[in-house]
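Here's start-v9.pdb, which has PDB, C-alpha atoms and all ligand atoms:
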ATOM      1  CA  MET A   1     169.274 -15.099 157.608
ATOM      2  CA  THR A   2     167.402 -16.090 154.508
ATOM      3  CA  ASP A   3     164.035 -17.737 154.881
ATOM      4  CA  PRO A   4     164.343 -21.141 153.168
ATOM      5  CA  MET A   5     160.772 -20.870 151.854
ATOM      6  CA  GLU A   6     161.491 -17.453 150.417
ATOM      7  CA  SER A   7     164.701 -18.458 148.654
ATOM      8  CA  GLN A   8     162.849 -21.448 147.206
ATOM      9  CA  SER A   9     160.146 -19.281 145.711
ATOM     10  CA  GLU A  10     162.832 -17.125 144.084
ATOM     11  CA  LEU A  11     163.940 -20.085 141.978
ATOM     12  CA  PRO A  12     162.807 -19.732 138.368
ATOM     13  CA  GLU A  13     159.679 -21.804 137.975
ATOM     14  CA  LYS A  14     160.127 -24.608 135.477
ATOM     15  CA  GLN A  15     157.116 -24.754 133.192
ATOM     16  CA  PRO A  16     157.075 -28.006 131.244
ATOM     17  CA  THR A  17     155.713 -27.350 127.760
ATOM     18  CA  ASP A  18     153.128 -30.128 128.147
ATOM     19  CA  THR A  19     151.557 -28.551 131.247
ATOM     20  CA  ILE A  20     147.849 -27.931 130.848
ATOM     21  CA  ARG A  21     145.263 -26.073 132.893
ATOM     22  CA  PHE A  22     141.856 -27.524 133.597
ATOM     23  CA  SER A  23     138.952 -26.739 135.872
ATOM     24  CA  ILE A  24     137.129 -29.041 138.239
ATOM     25  CA  SER A  25     133.754 -28.719 139.965
ATOM     26  CA  LEU A  26     133.390 -29.419 143.652
ATOM     27  CA  LYS A  27     131.593 -28.178 146.755
ATOM     28  CA  SER A  28     133.094 -24.907 147.989
ATOM     29  CA  SER A  29     133.236 -26.181 151.579
ATOM     30  CA  LEU A  30     135.238 -29.210 150.406
ATOM     31  CA  LEU A  31     137.734 -26.985 148.601
ATOM     32  CA  ALA A  32     137.961 -24.643 151.588
ATOM     33  CA  GLU A  33     138.756 -27.567 153.877
ATOM     34  CA  PHE A  34     141.335 -28.910 151.403
ATOM     35  CA  ASP A  35     143.045 -25.517 151.113
ATOM     36  CA  LYS A  36     143.071 -25.120 154.888
ATOM     37  CA  LYS A  37     144.524 -28.559 155.603
ATOM     38  CA  SER A  38     147.029 -28.617 152.760
ATOM     39  CA  MET A  39     148.418 -25.170 153.472
ATOM     40  CA  GLU A  40     148.146 -24.776 157.267
ATOM     41  CA  ASN A  41     151.305 -26.721 158.129
ATOM     42  CA  GLY A  42     153.348 -25.186 155.319
ATOM     43  CA  THR A  43     153.521 -28.383 153.256
ATOM     44  CA  TYR A  44     152.148 -26.611 150.212
ATOM     45  CA  ASP A  45     152.017 -22.997 149.244
ATOM     46  CA  ASN A  46     149.799 -23.524 146.247
ATOM     47  CA  ARG A  47     146.794 -25.645 145.430
ATOM     48  CA  SER A  48     148.184 -26.991 142.142
ATOM     49  CA  GLU A  49     151.179 -28.580 143.837
ATOM     50  CA  ALA A  50     148.941 -30.163 146.498
ATOM     51  CA  ILE A  51     146.662 -31.651 143.833
ATOM     52  CA  ARG A  52     149.593 -32.847 141.684
ATOM     53  CA  ASP A  53     150.924 -34.739 144.714
ATOM     54  CA  LEU A  54     147.517 -36.309 145.361
ATOM     55  CA  ILE A  55     147.342 -37.464 141.739
ATOM     56  CA  ARG A  56     150.847 -38.956 141.904
ATOM     57  CA  ALA A  57     150.058 -40.705 145.191
ATOM     58  CA  TYR A  58     146.926 -42.141 143.600
ATOM     59  CA  LEU A  59     148.875 -43.339 140.539
ATOM     60  CA  VAL A  60     151.514 -44.985 142.759
ATOM     61  CA  LYS A  61     148.770 -46.899 144.594
ATOM     62  CA  GLU A  62     147.228 -47.952 141.290
ATOM     63  CA  GLU A  63     150.613 -49.208 140.010
ATOM     64  CA  TRP A  64     150.909 -51.336 143.141
ATOM     65  CA  LYS A  65     147.338 -52.617 142.774
ATOM     66  CA  ALA A  66     147.955 -53.510 139.114
ATOM     67  CA  ASN A  67     151.139 -55.422 140.075
ATOM     68  CA  GLU A  68     153.341 -53.245 137.877
ATOM     69  CA  GLU A  69     157.101 -52.840 138.304
ATOM     70  CA  VAL A  70     157.450 -50.607 141.361
ATOM     71  CA  VAL A  71     159.964 -49.373 143.914
ATOM     72  CA  GLY A  72     159.684 -49.679 147.679
ATOM     73  CA  ALA A  73     161.734 -49.165 150.818
ATOM     74  CA  ILE A  74     161.320 -51.788 153.516
ATOM     75  CA  ILE A  75     162.305 -50.806 157.043
ATOM     76  CA  LEU A  76     162.999 -53.569 159.534
ATOM     77  CA  LEU A  77     163.514 -53.484 163.275
ATOM     78  CA  TYR A  78     164.916 -56.731 164.626
ATOM     79  CA  ASP A  79     166.925 -58.505 167.230
ATOM     80  CA  HIS A  80     170.426 -59.453 166.116
ATOM     81  CA  ASP A  81     169.529 -63.137 166.768
ATOM     82  CA  GLU A  82     167.010 -62.916 163.926
ATOM     83  CA  LEU A  83     169.650 -61.801 161.407
ATOM     84  CA  GLU A  84     170.343 -65.262 159.968
ATOM     85  CA  ASP A  85     166.695 -65.919 159.101
ATOM     86  CA  LEU A  86     166.263 -62.414 157.694
ATOM     87  CA  THR A  87     169.406 -62.767 155.553
ATOM     88  CA  ARG A  88     168.177 -66.104 154.174
ATOM     89  CA  ILE A  89     164.830 -64.518 153.209
ATOM     90  CA  GLN A  90     166.593 -61.550 151.603
ATOM     91  CA  HIS A  91     168.872 -63.812 149.538
ATOM     92  CA  GLY A  92     165.738 -65.426 148.124
ATOM     93  CA  TYR A  93     164.822 -61.986 146.766
ATOM     94  CA  HIS A  94     168.307 -60.846 145.706
ATOM     95  CA  ARG A  95     166.927 -59.818 142.299
ATOM     96  CA  ASN A  96     164.545 -57.397 144.016
ATOM     97  CA  ILE A  97     166.820 -55.972 146.719
ATOM     98  CA  GLN A  98     169.061 -53.333 145.198
ATOM     99  CA  SER A  99     170.699 -51.997 148.339
ATOM    100  CA  THR A 100     170.469 -52.260 152.121
ATOM    101  CA  MET A 101     171.555 -50.025 154.957
ATOM    102  CA  HIS A 102     172.052 -51.375 158.460
ATOM    103  CA  ILE A 103     172.391 -49.609 161.791
ATOM    104  CA  HIS A 104     173.236 -51.302 165.113
ATOM    105  CA  LEU A 105     170.867 -49.531 167.507
ATOM    106  CA  ASP A 106     172.301 -50.945 170.722
ATOM    107  CA  GLU A 107     173.903 -54.201 171.979
ATOM    108  CA  THR A 108     171.159 -56.397 170.458
ATOM    109  CA  LYS A 109     168.784 -54.368 168.268
ATOM    110  CA  CYS A 110     169.301 -53.574 164.611
ATOM    111  CA  VAL A 111     167.424 -51.481 162.087
ATOM    112  CA  GLU A 112     167.760 -51.981 158.371
ATOM    113  CA  VAL A 113     166.357 -50.409 155.219
ATOM    114  CA  ALA A 114     166.142 -52.488 152.033
ATOM    115  CA  PHE A 115     165.578 -50.663 148.760
ATOM    116  CA  THR A 116     163.579 -52.903 146.485
ATOM    117  CA  ARG A 117     162.423 -52.947 142.896
ATOM    118  CA  GLY A 118     160.200 -55.505 141.209
ATOM    119  CA  THR A 119     156.564 -56.386 140.768
ATOM    120  CA  ALA A 120     154.309 -55.229 143.572
ATOM    121  CA  GLN A 121     153.537 -58.867 144.326
ATOM    122  CA  GLU A 122     157.222 -59.832 144.714
ATOM    123  CA  ILE A 123     157.863 -56.975 147.103
ATOM    124  CA  GLN A 124     154.710 -57.631 149.122
ATOM    125  CA  GLU A 125     155.682 -61.316 149.414
ATOM    126  CA  LEU A 126     159.112 -60.318 150.692
ATOM    127  CA  VAL A 127     157.546 -57.954 153.239
ATOM    128  CA  ASP A 128     155.183 -60.677 154.474
ATOM    129  CA  LYS A 129     158.064 -63.145 154.928
ATOM    130  CA  LEU A 130     160.165 -60.576 156.800
ATOM    131  CA  LYS A 131     157.189 -59.818 159.060
ATOM    132  CA  GLY A 132     157.251 -63.441 160.152
ATOM    133  CA  VAL A 133     160.704 -62.912 161.681
ATOM    134  CA  ALA A 134     161.442 -59.255 162.486
ATOM    135  CA  LYS A 135     160.041 -57.256 165.412
ATOM    136  CA  HIS A 136     158.560 -54.591 163.121
ATOM    137  CA  VAL A 137     158.422 -54.207 159.352
ATOM    138  CA  ASP A 138     157.026 -51.342 157.326
ATOM    139  CA  LEU A 139     156.974 -50.554 153.626
ATOM    140  CA  ALA A 140     157.127 -47.170 151.911
ATOM    141  CA  ILE A 141     155.813 -47.444 148.365
ATOM    142  CA  THR A 142     156.771 -45.437 145.329
ATOM    143  CA  SER A 143     157.059 -45.741 141.585
ATOM    144  CA  THR A 144     159.797 -46.275 139.017
ATOM    145  CA  GLY A 145     158.691 -42.802 137.913
ATOM    146  CA  LYS A 146     158.226 -43.728 134.242
ATOM    147  CA  ASN A 147     154.918 -41.875 133.921
ATOM    148  CA  PHE A 148     155.692 -39.002 136.255
TER
HETATM  149 NI    NI B 201     174.220 -61.705 151.639
HETATM  150 NI    NI B 202     173.165 -54.775 163.728
END
Rewrite the structure of this file - the entire thing - as structure tokens.
Ligand code: NI
Ligand code: NI
Amino acid sequence: MTDPMESQSELPEKQPTDTIRFSISLKSSLLAEFDKKSMENGTYDNRSEAIRDLIRAYLVKEEWKANEEVVGAIILLYDHDELEDLTRIQHGYHRNIQSTMHIHLDETKCVEVAFTRGTAQEIQELVDKLKGVAKHVDLAITSTGKNF
């Protein structure tokens, strides 16, 4: 059997022509701790990829803070009785909701994911309104990817 990690590392590494190298200064104990934590569970096998992800995560948060056009996935857990109110709220944001996926968990409980796009403020407003009705609401934030 092939090790999935091994076959991945055999892929030719894409080197974008605008990639640069730079050095940063930091305490050696801080770097040692970062290397340990970022590599111990196999999430990363090199420091550059770990730092690139941190930078992207930071930029996503900044896009949300600056109320830019962003993308987010809202996950909702609710009782089927709450569907009508939730649908009414969602129709109010039909320009922001691009797609939804619904699963009937049991006789009465439902879970739904709504893929949204719009200003950070619009999406946050929608989340807050849904929280007023559903049993549990969470939001996963990302970017339109324009600067990535
Ligand atoms: Ni509808
Ligand atoms: Ni359902």
Restrict the calculation to only C-alpha atoms, then for each residue of segment 41-72 of chain A with any atom at most 9 Å from an atom of segment 121-138 of chain A give the closest atom pair and their distance in Å to one decimal, rows by chain and rising residue number, as JSON lines.
{"residue": "A:Trp64", "atom": "CA", "partner": "A:Gln121", "partner_atom": "CA", "distance": 8.1}
{"residue": "A:Lys65", "atom": "CA", "partner": "A:Gln121", "partner_atom": "CA", "distance": 8.9}
{"residue": "A:Asn67", "atom": "CA", "partner": "A:Gln121", "partner_atom": "CA", "distance": 6.0}
{"residue": "A:Glu68", "atom": "CA", "partner": "A:Gln121", "partner_atom": "CA", "distance": 8.6}
{"residue": "A:Val70", "atom": "CA", "partner": "A:Ile123", "partner_atom": "CA", "distance": 8.6}
{"residue": "A:Val71", "atom": "CA", "partner": "A:Ile123", "partner_atom": "CA", "distance": 8.5}
{"residue": "A:Gly72", "atom": "CA", "partner": "A:Ile123", "partner_atom": "CA", "distance": 7.5}
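With all atoms listed in the file as the atoms that count, the residue of A:Tyr93, A:Leu76, A:Thr116, A:Leu31 with the shortest distance to ligand NI 202 (chain B) is A:Leu76.
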Distance table requested - chain A against ligand NI 201 (chain B), cut-off 9 Å, only C-alpha atoms and all ligand atoms: one row per qualifying residue with the closest atom pair and its distance in Å to one decimal, ordered by chain and rising residue number, as a tab-separated table.
residue	atom	partner	partner_atom	distance
A:Thr87	CA	B:NI201	NI	6.3
A:Arg88	CA	B:NI201	NI	7.9
A:Gln90	CA	B:NI201	NI	7.6
A:His91	CA	B:NI201	NI	6.1
A:His94	CA	B:NI201	NI	8.4
Which residues of chain A come within 8 Å of ligand NI 202 (chain B), and for each one, what is the closest pair of atoms and their distance in Å to one decimal, counting only C-alpha atoms and all ligand atoms, sorted by chain and residue number, as JSON lines?
{"residue": "A:His80", "atom": "CA", "partner": "B:NI202", "partner_atom": "NI", "distance": 5.9}
{"residue": "A:His102", "atom": "CA", "partner": "B:NI202", "partner_atom": "NI", "distance": 6.4}
{"residue": "A:Ile103", "atom": "CA", "partner": "B:NI202", "partner_atom": "NI", "distance": 5.6}
{"residue": "A:His104", "atom": "CA", "partner": "B:NI202", "partner_atom": "NI", "distance": 3.7}
{"residue": "A:Leu105", "atom": "CA", "partner": "B:NI202", "partner_atom": "NI", "distance": 6.9}
{"residue": "A:Thr108", "atom": "CA", "partner": "B:NI202", "partner_atom": "NI", "distance": 7.2}
{"residue": "A:Lys109", "atom": "CA", "partner": "B:NI202", "partner_atom": "NI", "distance": 6.3}
{"residue": "A:Cys110", "atom": "CA", "partner": "B:NI202", "partner_atom": "NI", "distance": 4.1}
{"residue": "A:Val111", "atom": "CA", "partner": "B:NI202", "partner_atom": "NI", "distance": 6.8}
For Ala114 of chain A, please output as a list of chain:residue names all residues within 8 Å (counting only C-alpha atoms; exclusion window: fewer than 4 positions along the same chain).
A:Ala73, A:Ile74, A:Ile75, A:Ile97, A:Gln98, A:Ser99, A:Thr100, A:Met101
For atom CA of Glu49 of chain A and atom CA of Ala120 of chain A, quote the distance in Å rounded to one decimal.
26.8 Å
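Of note, atom CA of Leu59 of chain A and atom CA of Gly145 of chain A are spaced 10.2 Å apart.
The two atoms in question, atom CA of Glu33 of chain A and atom CA of Ile55 of chain A, are spaced 17.9 Å apart.
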Residue among A:Glu69, A:Glu82, A:Asp106, A:Asp53 lying closest to Thr119 of chain A, counting only C-alpha atoms
A:Glu69
Give me, as a PDB file with C-alpha atoms, in the coordinates of the input, all polymer residues having an atom no more than 9 Å from Asn46 of chain A, counting all atoms listed in the file and skipping those fewer than 6 positions away in the same chain.
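Once everything was written out, this is result.pdb:
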ATOM      1  CA  ASP A  35     143.045 -25.517 151.113  1.00  0.00           C
ATOM      2  CA  SER A  38     147.029 -28.617 152.760  1.00  0.00           C
ATOM      3  CA  MET A  39     148.418 -25.170 153.472  1.00  0.00           C
TER       4      MET A  39
END
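Counting only C-alpha atoms, the residue from A:Ala57, A:Thr19, A:Ile89, A:Ala50 that sits nearest to Lys36 of chain A is A:Ala50.
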